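The file entry.csv comes next; it holds CSV, C-alpha atoms and all ligand atoms.
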```csv
chain,number,residue,atom,x,y,z
A,918,MET,CA,129.6,80.9,133.4
A,919,GLU,CA,129.3,84.5,132.3
A,920,VAL,CA,127.6,85.4,129.0
A,921,PRO,CA,130.3,87.5,127.0
A,922,LYS,CA,129.6,90.9,125.5
A,923,PRO,CA,127.9,90.5,122.2
A,924,LYS,CA,130.2,91.2,119.2
A,925,CYS,CA,127.3,92.6,117.1
A,926,LEU,CA,126.8,95.5,119.5
A,927,GLU,CA,130.4,96.7,119.1
A,928,HIS,CA,129.6,98.8,116.0
A,929,PRO,CA,126.9,101.4,115.6
A,930,ILE,CA,123.5,100.5,114.4
A,931,ASN,CA,123.3,100.2,110.7
A,932,VAL,CA,120.1,100.3,108.7
A,933,PRO,CA,119.6,101.2,105.1
A,934,THR,CA,117.1,103.7,103.7
A,935,LYS,CA,114.3,102.0,101.8
A,936,LEU,CA,111.2,103.3,100.1
A,937,LEU,CA,108.4,101.5,101.8
A,938,MET,CA,105.6,101.0,99.2
A,939,GLY,CA,104.1,97.9,100.8
A,940,PRO,CA,101.0,97.9,103.1
A,941,GLY,CA,102.9,99.6,106.0
A,942,PRO,CA,104.8,100.9,107.8
A,943,VAL,CA,105.6,103.8,105.6
A,944,ASN,CA,108.5,106.3,105.6
A,945,MET,CA,108.3,109.1,108.0
A,946,PRO,CA,108.7,112.8,107.3
A,947,LEU,CA,111.8,114.5,108.8
A,948,ARG,CA,109.6,116.5,111.0
A,949,VAL,CA,108.3,113.3,112.6
A,950,HIS,CA,111.8,111.9,113.0
A,951,ASN,CA,112.9,115.1,114.6
A,952,ALA,CA,110.0,115.1,117.1
A,953,MET,CA,111.4,111.8,118.5
A,954,MET,CA,114.6,113.6,119.4
A,955,LYS,CA,112.9,116.0,121.8
A,956,PRO,CA,114.0,115.5,125.4
A,957,MET,CA,112.6,112.7,127.4
A,958,LEU,CA,109.9,113.7,129.9
A,959,GLY,CA,108.2,111.8,132.7
A,960,HIS,CA,104.9,110.2,131.5
A,961,LEU,CA,102.8,112.3,133.9
A,962,HIS,CA,104.8,115.5,133.6
A,963,PRO,CA,102.5,118.4,132.7
A,964,GLU,CA,104.4,119.2,129.6
A,965,PHE,CA,103.9,115.7,128.4
A,966,THR,CA,100.2,115.5,129.3
A,967,GLN,CA,99.9,118.7,127.3
A,968,VAL,CA,101.3,116.9,124.3
A,969,MET,CA,98.9,114.0,125.0
A,970,ASP,CA,96.0,116.5,125.0
A,971,GLU,CA,97.2,117.9,121.6
A,972,VAL,CA,97.3,114.3,120.3
A,973,LYS,CA,93.7,113.8,121.4
A,974,GLU,CA,92.6,116.9,119.5
A,975,GLY,CA,94.3,115.6,116.4
A,976,LEU,CA,92.6,112.2,116.8
A,977,LYS,CA,89.2,113.8,117.3
A,978,TYR,CA,89.8,115.5,114.0
A,979,ILE,CA,91.0,112.5,112.1
A,980,PHE,CA,88.3,110.2,113.6
A,981,GLN,CA,85.7,113.1,113.1
A,982,THR,CA,84.3,112.7,116.6
A,983,THR,CA,83.5,114.7,119.7
A,984,ALA,CA,83.5,111.5,121.8
A,985,GLU,CA,85.2,112.0,125.2
A,986,VAL,CA,87.1,108.8,125.2
A,987,VAL,CA,89.7,109.3,122.5
A,988,CYS,CA,93.2,108.1,123.4
A,989,CYS,CA,95.9,105.6,122.4
A,990,VAL,CA,96.7,102.1,123.4
A,991,SER,CA,100.5,101.7,123.7
A,992,GLY,CA,101.0,99.0,121.1
A,993,THR,CA,100.4,98.5,117.4
A,994,GLY,CA,97.1,98.0,115.5
A,995,HIS,CA,96.7,94.5,117.0
A,996,ALA,CA,96.6,96.1,120.4
A,997,GLY,CA,93.7,98.4,119.3
A,998,MET,CA,91.9,95.3,118.0
A,999,GLU,CA,92.5,93.4,121.3
A,1000,ALA,CA,91.4,96.5,123.3
A,1001,THR,CA,88.2,96.6,121.3
A,1002,MET,CA,87.5,92.9,122.0
A,1003,CYS,CA,88.4,92.8,125.6
A,1004,ASN,CA,86.4,95.9,126.6
A,1005,LEU,CA,83.3,95.3,124.6
A,1006,LEU,CA,82.9,91.5,125.1
A,1007,GLU,CA,81.9,89.4,128.0
A,1008,PRO,CA,81.7,85.6,128.0
A,1009,ASN,CA,78.9,84.4,125.7
A,1010,ASP,CA,78.3,87.8,124.1
A,1011,VAL,CA,77.5,87.3,120.5
A,1012,ILE,CA,79.8,89.2,118.1
A,1013,LEU,CA,79.2,89.2,114.4
A,1014,ILE,CA,82.3,89.6,112.3
A,1015,ALA,CA,82.5,90.2,108.6
A,1016,GLN,CA,85.3,88.0,107.3
A,1017,ASN,CA,86.7,88.8,103.8
A,1018,GLY,CA,90.4,88.6,104.6
A,1019,ILE,CA,92.9,88.0,107.3
A,1020,TRP,CA,91.7,90.8,109.6
A,1021,GLY,CA,88.2,89.4,110.2
A,1022,GLU,CA,90.0,86.1,110.9
A,1023,ARG,CA,92.2,87.7,113.5
A,1024,ALA,CA,89.3,89.6,115.1
A,1025,ALA,CA,87.4,86.3,115.4
A,1026,ASP,CA,90.4,84.6,117.0
A,1027,MET,CA,90.7,87.4,119.5
A,1028,ALA,CA,87.0,87.4,120.3
A,1029,ARG,CA,87.0,83.6,120.9
A,1030,ARG,CA,89.8,84.1,123.4
A,1031,HIS,CA,87.4,86.3,125.4
A,1032,ASP,CA,84.9,83.5,125.3
A,1033,ALA,CA,82.5,85.4,123.0
A,1034,ASP,CA,80.1,83.6,120.8
A,1035,VAL,CA,81.5,84.4,117.3
A,1036,ARG,CA,79.3,84.4,114.2
A,1037,LEU,CA,80.7,85.2,110.8
A,1038,ILE,CA,79.5,86.7,107.6
A,1039,LYS,CA,81.9,85.2,105.1
A,1040,LYS,CA,82.6,87.0,101.8
A,1041,PRO,CA,85.1,86.0,99.2
A,1042,PRO,CA,88.4,87.8,99.5
A,1043,GLY,CA,88.2,91.2,97.8
A,1044,ASP,CA,84.4,91.5,98.3
A,1045,VAL,CA,82.6,93.5,100.9
A,1046,CYS,CA,79.2,93.3,102.7
A,1047,SER,CA,76.1,95.2,101.5
A,1048,LEU,CA,73.7,96.9,103.9
A,1049,ASN,CA,71.1,94.2,103.1
A,1050,GLU,CA,73.5,91.4,103.9
A,1051,LEU,CA,74.5,93.1,107.1
A,1052,GLU,CA,70.9,93.7,108.2
A,1053,SER,CA,69.8,90.0,107.5
A,1054,ALA,CA,72.9,88.9,109.5
A,1055,LEU,CA,72.0,91.2,112.4
A,1056,LEU,CA,68.4,89.8,112.4
A,1057,LYS,CA,69.7,86.2,112.2
A,1058,HIS,CA,72.4,86.4,114.9
A,1059,ARG,CA,71.1,89.2,117.2
A,1060,PRO,CA,74.7,90.1,118.1
A,1061,ALA,CA,75.8,92.5,120.9
A,1062,VAL,CA,78.6,93.8,118.6
A,1063,LEU,CA,79.2,94.0,114.9
A,1064,PHE,CA,82.8,94.2,113.8
A,1065,LEU,CA,83.9,95.5,110.4
A,1066,VAL,CA,87.3,96.3,108.8
A,1067,GLN,CA,87.1,99.4,106.6
A,1068,GLY,CA,90.4,98.8,104.7
A,1069,GLU,CA,91.1,95.0,104.4
A,1070,SER,CA,94.8,95.3,103.7
A,1071,SER,CA,95.2,91.6,102.9
A,1072,THR,CA,92.8,92.0,99.9
A,1073,GLY,CA,92.7,95.7,99.2
A,1074,ALA,CA,88.9,95.9,99.8
A,1075,LEU,CA,87.1,98.9,101.1
A,1076,GLN,CA,84.0,98.2,103.2
A,1077,PRO,CA,81.4,100.9,102.8
A,1078,LEU,CA,80.3,102.2,106.3
A,1079,GLU,CA,77.6,104.7,105.6
A,1080,GLY,CA,74.2,103.4,106.9
A,1081,VAL,CA,75.7,100.6,108.9
A,1082,GLY,CA,75.7,102.6,112.2
A,1083,ALA,CA,72.0,103.4,111.7
A,1084,LEU,CA,71.2,99.7,111.2
A,1085,CYS,CA,73.1,98.8,114.3
A,1086,ARG,CA,71.2,101.4,116.4
A,1087,LYS,CA,67.9,100.1,115.0
A,1088,HIS,CA,68.8,96.6,116.3
A,1089,GLY,CA,70.5,97.6,119.5
A,1090,VAL,CA,74.0,96.6,118.4
A,1091,LEU,CA,77.4,98.2,119.0
A,1092,LEU,CA,79.5,98.9,115.9
A,1093,ALA,CA,83.3,98.5,116.0
A,1094,VAL,CA,85.5,99.4,113.0
A,1095,ASP,CA,89.1,98.6,112.2
A,1096,THR,CA,90.6,101.5,110.3
A,1097,VAL,CA,94.3,100.6,110.6
A,1098,ALA,CA,94.9,100.5,106.9
A,1099,SER,CA,92.4,103.1,105.8
A,1100,LEU,CA,92.1,106.1,108.1
A,1101,GLY,CA,93.2,109.3,106.5
A,1102,GLY,CA,93.2,107.7,103.1
A,1103,VAL,CA,89.4,107.6,102.7
A,1104,PRO,CA,86.6,109.6,104.3
A,1105,PHE,CA,85.6,108.4,107.8
A,1106,PHE,CA,83.1,110.1,110.1
A,1107,MET,CA,82.8,108.4,113.5
A,1108,ASP,CA,80.0,110.5,114.8
A,1109,SER,CA,77.9,111.0,111.6
A,1110,TRP,CA,78.2,107.4,110.7
A,1111,GLU,CA,77.3,106.4,114.2
A,1112,ILE,CA,80.3,104.2,114.9
A,1113,ASP,CA,80.7,103.2,118.5
A,1114,VAL,CA,84.3,102.1,118.6
A,1115,VAL,CA,87.1,102.8,116.1
A,1116,TYR,CA,90.9,102.2,116.3
A,1117,THR,CA,93.7,102.7,113.9
A,1118,GLY,CA,97.5,102.4,113.6
A,1119,SER,CA,100.2,105.1,113.7
A,1120,GLN,CA,102.5,103.7,110.9
A,1121,LYS,CA,100.2,103.8,107.9
A,1122,VAL,CA,98.6,107.0,106.6
A,1123,ILE,CA,99.5,109.0,109.7
A,1124,SER,CA,103.2,108.2,108.9
A,1125,ALA,CA,104.4,108.0,112.5
A,1126,PRO,CA,106.4,105.0,113.9
A,1127,PRO,CA,104.5,101.8,114.7
A,1128,SER,CA,103.9,101.8,118.5
A,1129,VAL,CA,100.6,103.5,119.4
A,1130,ALA,CA,97.1,102.6,118.3
A,1131,PRO,CA,94.7,105.5,118.5
A,1132,ILE,CA,91.3,104.4,119.7
A,1133,ALA,CA,87.9,106.0,120.4
A,1134,PHE,CA,84.9,104.8,122.4
A,1135,ASN,CA,81.6,106.8,122.2
A,1136,ASP,CA,79.1,107.1,125.1
A,1137,ARG,CA,77.2,104.0,123.9
A,1138,ALA,CA,80.3,101.9,124.0
A,1139,MET,CA,81.4,103.3,127.4
A,1140,GLU,CA,77.9,102.5,128.7
A,1141,LYS,CA,78.5,98.9,127.7
A,1142,VAL,CA,81.9,99.0,129.5
A,1143,ARG,CA,80.4,100.5,132.6
A,1144,THR,CA,77.5,98.0,132.8
A,1145,ARG,CA,79.6,94.9,132.4
A,1146,LYS,CA,78.9,92.1,134.8
A,1147,THR,CA,82.4,90.7,134.5
A,1148,PRO,CA,85.8,92.5,134.8
A,1149,ILE,CA,87.7,93.5,131.7
A,1150,ARG,CA,90.1,90.6,131.2
A,1151,SER,CA,93.1,92.8,130.6
A,1152,PHE,CA,94.5,95.4,132.9
A,1153,TYR,CA,96.8,97.0,130.3
A,1154,LEU,CA,94.1,97.4,127.7
A,1155,ASP,CA,91.3,98.4,130.1
A,1156,ILE,CA,89.7,101.4,128.4
A,1157,THR,CA,88.6,103.0,131.7
A,1158,TRP,CA,92.3,103.0,132.9
A,1159,LEU,CA,93.5,104.3,129.5
A,1160,ALA,CA,90.8,107.0,129.4
A,1161,ASN,CA,92.0,108.2,132.8
A,1162,TYR,CA,95.6,108.2,131.9
A,1163,TRP,CA,94.8,110.2,128.7
A,1164,GLY,CA,92.7,112.7,130.7
A,1165,CYS,CA,89.3,111.7,129.2
A,1166,ASP,CA,87.3,111.1,132.3
A,1167,GLY,CA,87.7,114.5,134.1
A,1168,LEU,CA,89.5,112.8,137.0
A,1169,PRO,CA,93.1,113.4,138.0
A,1170,ARG,CA,95.4,111.2,135.9
A,1171,LYS,CA,96.7,108.2,137.7
A,1172,TYR,CA,99.8,106.1,136.8
A,1173,HIS,CA,98.5,103.2,134.6
A,1174,HIS,CA,101.6,102.5,132.6
A,1175,THR,CA,104.6,104.4,131.2
A,1176,GLY,CA,103.4,105.9,128.0
A,1177,PRO,CA,105.7,105.6,125.0
A,1178,VAL,CA,106.8,109.3,125.3
A,1179,SER,CA,108.9,109.7,122.1
A,1180,SER,CA,106.3,107.9,120.0
A,1181,VAL,CA,103.6,110.2,121.3
A,1182,TYR,CA,105.8,113.2,120.3
A,1183,ALA,CA,106.1,111.7,116.8
A,1184,LEU,CA,102.3,111.1,116.6
A,1185,ARG,CA,101.7,114.7,117.7
A,1186,GLU,CA,103.8,116.0,114.8
A,1187,ALA,CA,102.3,113.6,112.3
A,1188,LEU,CA,98.8,114.7,113.3
A,1189,SER,CA,99.8,118.3,113.1
A,1190,MET,CA,100.8,117.6,109.5
A,1191,VAL,CA,97.4,115.9,108.8
A,1192,SER,CA,95.7,118.9,110.3
A,1193,GLU,CA,97.8,121.4,108.2
A,1194,GLU,CA,97.0,119.5,105.0
A,1195,GLY,CA,93.3,119.0,105.9
A,1196,LEU,CA,91.4,115.8,105.7
A,1197,HIS,CA,89.7,116.6,102.4
A,1198,ALA,CA,93.0,117.3,100.7
A,1199,LEU,CA,94.5,114.2,102.3
A,1200,TRP,CA,91.6,112.0,101.0
A,1201,SER,CA,91.9,113.4,97.5
A,1202,ARG,CA,95.7,113.0,97.4
A,1203,HIS,CA,95.1,109.3,98.1
A,1204,SER,CA,92.4,108.9,95.6
A,1205,SER,CA,94.3,110.7,92.8
A,1206,CYS,CA,97.5,108.8,93.4
A,1207,ALA,CA,95.5,105.5,93.4
A,1208,GLN,CA,93.9,106.4,90.1
A,1209,ARG,CA,97.3,107.1,88.7
A,1210,LEU,CA,98.6,103.7,89.9
A,1211,TYR,CA,95.5,101.8,88.6
A,1212,SER,CA,95.9,103.3,85.1
A,1213,GLY,CA,99.6,102.8,85.0
A,1214,LEU,CA,99.2,99.1,86.1
A,1215,GLU,CA,96.5,98.5,83.5
A,1216,ALA,CA,98.7,100.1,80.9
A,1217,LEU,CA,101.3,97.5,81.7
A,1218,GLY,CA,98.7,94.8,81.0
A,1219,LEU,CA,98.2,93.9,84.7
A,1220,ARG,CA,94.8,93.1,86.2
A,1221,LEU,CA,93.7,94.5,89.5
A,1222,PHE,CA,92.5,91.9,92.0
A,1223,ILE,CA,89.3,93.9,92.7
A,1224,ALA,CA,87.5,94.6,89.5
A,1225,ASP,CA,85.0,97.1,90.9
A,1226,PRO,CA,86.8,100.4,91.6
A,1227,ALA,CA,84.2,101.3,94.2
A,1228,LYS,CA,85.3,98.3,96.3
A,1229,ARG,CA,89.0,99.3,96.4
A,1230,THR,CA,90.8,101.1,99.2
A,1231,PRO,CA,93.2,103.6,97.7
A,1232,THR,CA,95.7,102.8,100.4
A,1233,VAL,CA,96.5,99.2,99.4
A,1234,THR,CA,96.2,98.1,95.8
A,1235,THR,CA,96.2,94.4,95.0
A,1236,ILE,CA,97.4,93.2,91.6
A,1237,CYS,CA,96.9,89.7,90.2
A,1238,ILE,CA,100.2,87.9,89.5
A,1239,PRO,CA,100.2,87.2,85.8
A,1240,GLU,CA,100.6,83.6,84.5
A,1241,GLY,CA,104.2,82.6,84.4
A,1242,VAL,CA,105.6,85.3,86.7
A,1243,ASP,CA,107.3,84.4,89.9
A,1244,TRP,CA,105.9,87.1,92.3
A,1245,MET,CA,108.7,86.7,94.8
A,1246,LYS,CA,111.4,87.3,92.2
A,1247,VAL,CA,109.7,90.5,91.3
A,1248,THR,CA,109.5,91.8,94.9
A,1249,LYS,CA,113.1,90.8,95.3
A,1250,TYR,CA,114.0,92.7,92.2
A,1251,PHE,CA,112.3,95.9,93.6
A,1252,MET,CA,114.3,95.6,96.8
A,1253,SER,CA,117.7,94.5,95.6
A,1254,LYS,CA,118.0,96.9,92.7
A,1255,TYR,CA,116.0,99.9,94.0
A,1256,GLN,CA,115.6,99.4,97.7
A,1257,VAL,CA,111.8,99.7,97.2
A,1258,GLU,CA,109.4,97.5,99.1
A,1259,VAL,CA,106.3,96.1,97.4
A,1260,SER,CA,104.7,93.1,99.0
A,1261,GLY,CA,103.2,89.8,98.1
A,1262,GLY,CA,99.7,88.7,99.3
A,1263,LEU,CA,98.7,87.8,102.9
A,1264,GLY,CA,96.3,85.2,104.2
A,1265,PRO,CA,93.8,84.4,101.4
A,1266,THR,CA,95.7,86.4,98.8
A,1267,ALA,CA,99.2,84.8,99.5
A,1268,GLY,CA,100.8,83.8,96.2
A,1269,LYS,CA,98.0,85.4,94.2
A,1270,VAL,CA,98.7,89.1,94.4
A,1271,TRP,CA,101.2,91.8,94.9
A,1272,ARG,CA,100.2,94.6,97.3
A,1273,ILE,CA,101.3,98.2,96.7
A,1274,GLY,CA,100.7,100.7,99.5
A,1275,LEU,CA,100.0,104.4,98.9
A,1276,MET,CA,99.8,105.9,102.4
A,1277,GLY,CA,100.5,109.2,104.0
A,1278,TYR,CA,104.0,110.6,103.4
A,1279,ASN,CA,104.7,108.0,100.6
A,1280,CYS,CA,101.5,108.8,98.7
A,1281,ILE,CA,102.8,111.1,96.0
A,1282,PRO,CA,102.8,110.9,92.2
A,1283,GLU,CA,106.6,110.5,92.0
A,1284,ASN,CA,106.5,107.3,94.1
A,1285,VAL,CA,103.6,106.0,91.9
A,1286,ASP,CA,105.7,106.6,88.8
A,1287,LYS,CA,108.8,105.0,90.4
A,1288,VAL,CA,106.9,101.8,91.3
A,1289,LEU,CA,105.4,101.7,87.8
A,1290,LYS,CA,108.8,102.1,86.1
A,1291,ILE,CA,110.3,99.3,88.2
A,1292,MET,CA,107.3,97.1,87.6
A,1293,LYS,CA,107.6,97.6,83.8
A,1294,GLU,CA,111.3,96.8,84.0
A,1295,ALA,CA,110.7,93.7,86.1
A,1296,LEU,CA,108.1,92.3,83.8
A,1297,ALA,CA,110.3,92.8,80.8
A,1298,ASN,CA,113.1,90.8,82.6
A,1299,GLU,CA,113.1,87.2,81.4
A,1300,PRO,CA,114.7,85.6,84.5
A,1301,LEU,CA,111.8,86.9,86.6
A,1302,LEU,CA,109.4,84.7,84.7
A,1303,LYS,CA,109.0,81.1,86.0
A,1304,SER,CA,111.0,78.5,84.0
B,1401,LIG,N1,94.2,95.8,110.9
B,1401,LIG,C1,94.5,96.0,109.6
B,1401,LIG,C2,93.4,96.3,108.6
B,1401,LIG,C3,95.8,96.1,109.2
B,1401,LIG,O1,96.2,96.4,107.9
B,1401,LIG,C4,96.8,95.8,110.2
B,1401,LIG,C5,98.3,95.9,109.8
B,1401,LIG,N2,98.7,95.5,108.6
B,1401,LIG,C6,96.4,95.5,111.5
B,1401,LIG,C7,95.1,95.5,111.8
B,1401,LIG,C8,97.4,95.2,112.6
B,1401,LIG,O2,98.3,96.3,112.8
B,1401,LIG,P1,99.7,96.1,113.4
B,1401,LIG,O3,100.6,95.3,112.5
B,1401,LIG,O4,100.1,97.5,113.6
B,1401,LIG,O5,99.6,95.4,114.7
```
Write out the structure in this file as structure tokens.
Amino acid sequence: MEVPKPKCLEHPINVPTKLLMGPGPVNMPLRVHNAMMKPMLGHLHPEFTQVMDEVKEGLKYIFQTTAEVVCCVSGTGHAGMEATMCNLLEPNDVILIAQNGIWGERAADMARRHDADVRLIKKPPGDVCSLNELESALLKHRPAVLFLVQGESSTGALQPLEGVGALCRKHGVLLAVDTVASLGGVPFFMDSWEIDVVYTGSQKVISAPPSVAPIAFNDRAMEKVRTRKTPIRSFYLDITWLANYWGCDGLPRKYHHTGPVSSVYALREALSMVSEEGLHALWSRHSSCAQRLYSGLEALGLRLFIADPAKRTPTVTTICIPEGVDWMKVTKYFMSKYQVEVSGGLGPTAGKVWRIGLMGYNCIPENVDKVLKIMKEALANEPLLKS
């Protein structure tokens, strides 16, 4: 029996244009789209490794680091998380994970798969850890690694990071941070904040397609990798191989895997746009659009899920679903009438909040106003209220 040609492939691809105001991915600037149309190159051709080198410079800027090992995992944010776990952890290593939303849960799941001894600092969704809480937990659990999420996109919380690196050094702990939903939207200084490993995603503030996860390991983290007693349990995510392919170890590049060439072009252009705008301008664009969103939502009588503005990441805003409103009917109204995406909750916030993303290319006052206008209309619409 032969499988026949699929009927669905007889016509050209057809996808609508939507305004993506959820927690990511976000729409891409034309310049980033156009970069993906550049000619294909071999993944070790000098013209391509030149582009990779330019990406590394852009990443050093956005991570604010001079670390040598700054590169990308070919995969999305989860691949960055998995690479962090598989390179830093050996069986029975203690890892302390702050859990205040879905990303701490996922990190714990991954760490357990590497046979690490996982300890948790649990905080209610929307809350974050103080320096005191972190220090007591470090003293209690004596971990090898502390893992924090800067922007908890399932709750909208922003974990403060200043001072945490110094605590970790004092107690001989490596500090790894997930910045998938926050980098570029809020200040982040890998070197001055003494963060040992950081990763992010390409499809959020950076506004490139989902496909590559930028990652950086400083010397302390690489020392841990070099002195492991057991092999890294993933070939694909082995940071020593990735560092070589990305030209970070001073040795000739060897074939590790075929890099996602067109996605790296797109990332290069997106980072070029970040660099043109400048990090300070980018951070303040996110903070001012978020303020505009908060006041607009409050003017509609809505309550933000995180009461303390200092604990909110400007990149993902969580809004309590008012009594009597069917959250899903509202998100469907946004999409069907306006082709605008806003999302419901995730993990601990499922059914309790809406999530509105303000990231990168989409983070402009016009989009904030559009979302507010649609929200106002939706809330005035009787059929969207539960019967
Ligand atoms: N960490 C955080 C904080 C995230 O927001 C996300 C994506 N929403 C991820 C990790 C996982 O990223 P991806 O979906 O690109 O694998």
Throw together the list of residues within 8 Å of ligand LIG 1401 (chain B), counting only C-alpha atoms and all ligand atoms, and drop it here as a list in words.
-> Pro940, Gly941, Gly992, Thr993, Gly994, His995, Ala996, Met998, Trp1020, Val1066, Gln1067, Gly1068, Glu1069, Ser1070, Ser1071, Asp1095, Thr1096, Val1097, Ala1098, Ser1099, Thr1117, Gly1118, Ser1119, Gln1120, Pro1127, Ser1128 and Ala1130 of chain A
Take CA of Gly1080 (chain A) and CA of Trp1110 (chain A) and report the distance between them in Å, one decimal.
->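 Between CA of Gly1080 (chain A) and CA of Trp1110 (chain A) the gap works out to 6.8 Å.
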Looking at all atoms listed in the file, which of A:Ala1028, A:Pro1239, A:Val1257, A:Tyr1116 is the one that sits closest to Asn1284 (chain A)?
->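 The answer is A:Val1257, which sits nearest to Asn1284 (chain A).
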Rank A:Asp1243, A:Glu999, A:Asp1026, A:Asp970 by their smallest atom-to-atom distance to Val1181 (chain A), using only C-alpha atoms, and report the top residue only.
->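 Nearest to Val1181 (chain A): A:Asp970.
Minimum atom-to-atom distances from A:Leu1037, A:Gln981, A:Ile1019, A:Ala1227 to Asn1135 (chain A) were compared using only C-alpha atoms, and the lowest value belongs to A:Gln981.
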Atom pair CA of Thr1001 (chain A) / CA of Val1090 (chain A): separation (Å) =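 These two atoms are separated by 14.5 Å.
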One-decimal distance in Å that lies between CA of Trp1271 (chain A) and CA of Cys1237 (chain A) =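 So the two atoms, CA of Cys1237 (chain A) and CA of Trp1271 (chain A), lie 6.7 Å apart.
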Residues proximal to (96.6, 113.7, 135.9) were defined as those with any atom within 12 Å of that point in the file's coordinates, counting all atoms listed in the file. Which are they, as a PDB file with C-alpha atoms, in the coordinates of the input?
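The new file result.pdb reads:
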```
ATOM      1  CA  HIS A 960     104.900 110.200 131.500  1.00  0.00           C
ATOM      2  CA  LEU A 961     102.800 112.300 133.900  1.00  0.00           C
ATOM      3  CA  HIS A 962     104.800 115.500 133.600  1.00  0.00           C
ATOM      4  CA  PRO A 963     102.500 118.400 132.700  1.00  0.00           C
ATOM      5  CA  GLU A 964     104.400 119.200 129.600  1.00  0.00           C
ATOM      6  CA  PHE A 965     103.900 115.700 128.400  1.00  0.00           C
ATOM      7  CA  THR A 966     100.200 115.500 129.300  1.00  0.00           C
ATOM      8  CA  GLN A 967      99.900 118.700 127.300  1.00  0.00           C
ATOM      9  CA  MET A 969      98.900 114.000 125.000  1.00  0.00           C
ATOM     10  CA  ASP A 970      96.000 116.500 125.000  1.00  0.00           C
ATOM     11  CA  TRP A1158      92.300 103.000 132.900  1.00  0.00           C
ATOM     12  CA  LEU A1159      93.500 104.300 129.500  1.00  0.00           C
ATOM     13  CA  ALA A1160      90.800 107.000 129.400  1.00  0.00           C
ATOM     14  CA  ASN A1161      92.000 108.200 132.800  1.00  0.00           C
ATOM     15  CA  TYR A1162      95.600 108.200 131.900  1.00  0.00           C
ATOM     16  CA  TRP A1163      94.800 110.200 128.700  1.00  0.00           C
ATOM     17  CA  GLY A1164      92.700 112.700 130.700  1.00  0.00           C
ATOM     18  CA  CYS A1165      89.300 111.700 129.200  1.00  0.00           C
ATOM     19  CA  ASP A1166      87.300 111.100 132.300  1.00  0.00           C
ATOM     20  CA  GLY A1167      87.700 114.500 134.100  1.00  0.00           C
ATOM     21  CA  LEU A1168      89.500 112.800 137.000  1.00  0.00           C
ATOM     22  CA  PRO A1169      93.100 113.400 138.000  1.00  0.00           C
ATOM     23  CA  ARG A1170      95.400 111.200 135.900  1.00  0.00           C
ATOM     24  CA  LYS A1171      96.700 108.200 137.700  1.00  0.00           C
ATOM     25  CA  TYR A1172      99.800 106.100 136.800  1.00  0.00           C
ATOM     26  CA  HIS A1173      98.500 103.200 134.600  1.00  0.00           C
TER      27      HIS A1173
END
```
Of the listed residues A:Pro1231, A:Pro1148, A:Gly975, A:Gly1176, that which approaches Gly1195 (chain A) most closely, counting only C-alpha atoms =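 Among the listed residues, the smallest separation from Gly1195 (chain A) belongs to A:Gly975.
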Surrounding residues of Leu1210 (chain A) excluding itself and chain neighbours under 4 positions, 8 Å, all atoms listed in the file, as a list in words | Cys1206, Leu1214, Val1285, Asp1286 and Leu1289 of chain A
Using all atoms listed in the file, which of the listed residues (A:Leu1013, A:Ala1025, A:Lys1057, A:Ala1125) sits closest to Val1191 (chain A)?
->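 With all atoms listed in the file as the atom set, the closest residue is A:Ala1125.
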For a cut-off of 8 Å around (104.8, 113.4, 119.1), file coordinates, pick out all residues using only C-alpha atoms and list them as a list in words.
->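 The residues near that point, listed by chain and number, are Val949, Ala952, Met953, Val968, Val972, Val1178, Ser1179, Ser1180, Val1181, Tyr1182, Ala1183, Leu1184, Arg1185, Glu1186 and Ala1187 of chain A.
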Can you write just those residues out, C-alpha atoms, as a PDB file, in the coordinates of the input?
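result-v3.pdb was written with the following content:
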```
ATOM      1  CA  VAL A 949     108.300 113.300 112.600  1.00  0.00           C
ATOM      2  CA  ALA A 952     110.000 115.100 117.100  1.00  0.00           C
ATOM      3  CA  MET A 953     111.400 111.800 118.500  1.00  0.00           C
ATOM      4  CA  VAL A 968     101.300 116.900 124.300  1.00  0.00           C
ATOM      5  CA  VAL A 972      97.300 114.300 120.300  1.00  0.00           C
ATOM      6  CA  VAL A1178     106.800 109.300 125.300  1.00  0.00           C
ATOM      7  CA  SER A1179     108.900 109.700 122.100  1.00  0.00           C
ATOM      8  CA  SER A1180     106.300 107.900 120.000  1.00  0.00           C
ATOM      9  CA  VAL A1181     103.600 110.200 121.300  1.00  0.00           C
ATOM     10  CA  TYR A1182     105.800 113.200 120.300  1.00  0.00           C
ATOM     11  CA  ALA A1183     106.100 111.700 116.800  1.00  0.00           C
ATOM     12  CA  LEU A1184     102.300 111.100 116.600  1.00  0.00           C
ATOM     13  CA  ARG A1185     101.700 114.700 117.700  1.00  0.00           C
ATOM     14  CA  GLU A1186     103.800 116.000 114.800  1.00  0.00           C
ATOM     15  CA  ALA A1187     102.300 113.600 112.300  1.00  0.00           C
TER      16      ALA A1187
END
```
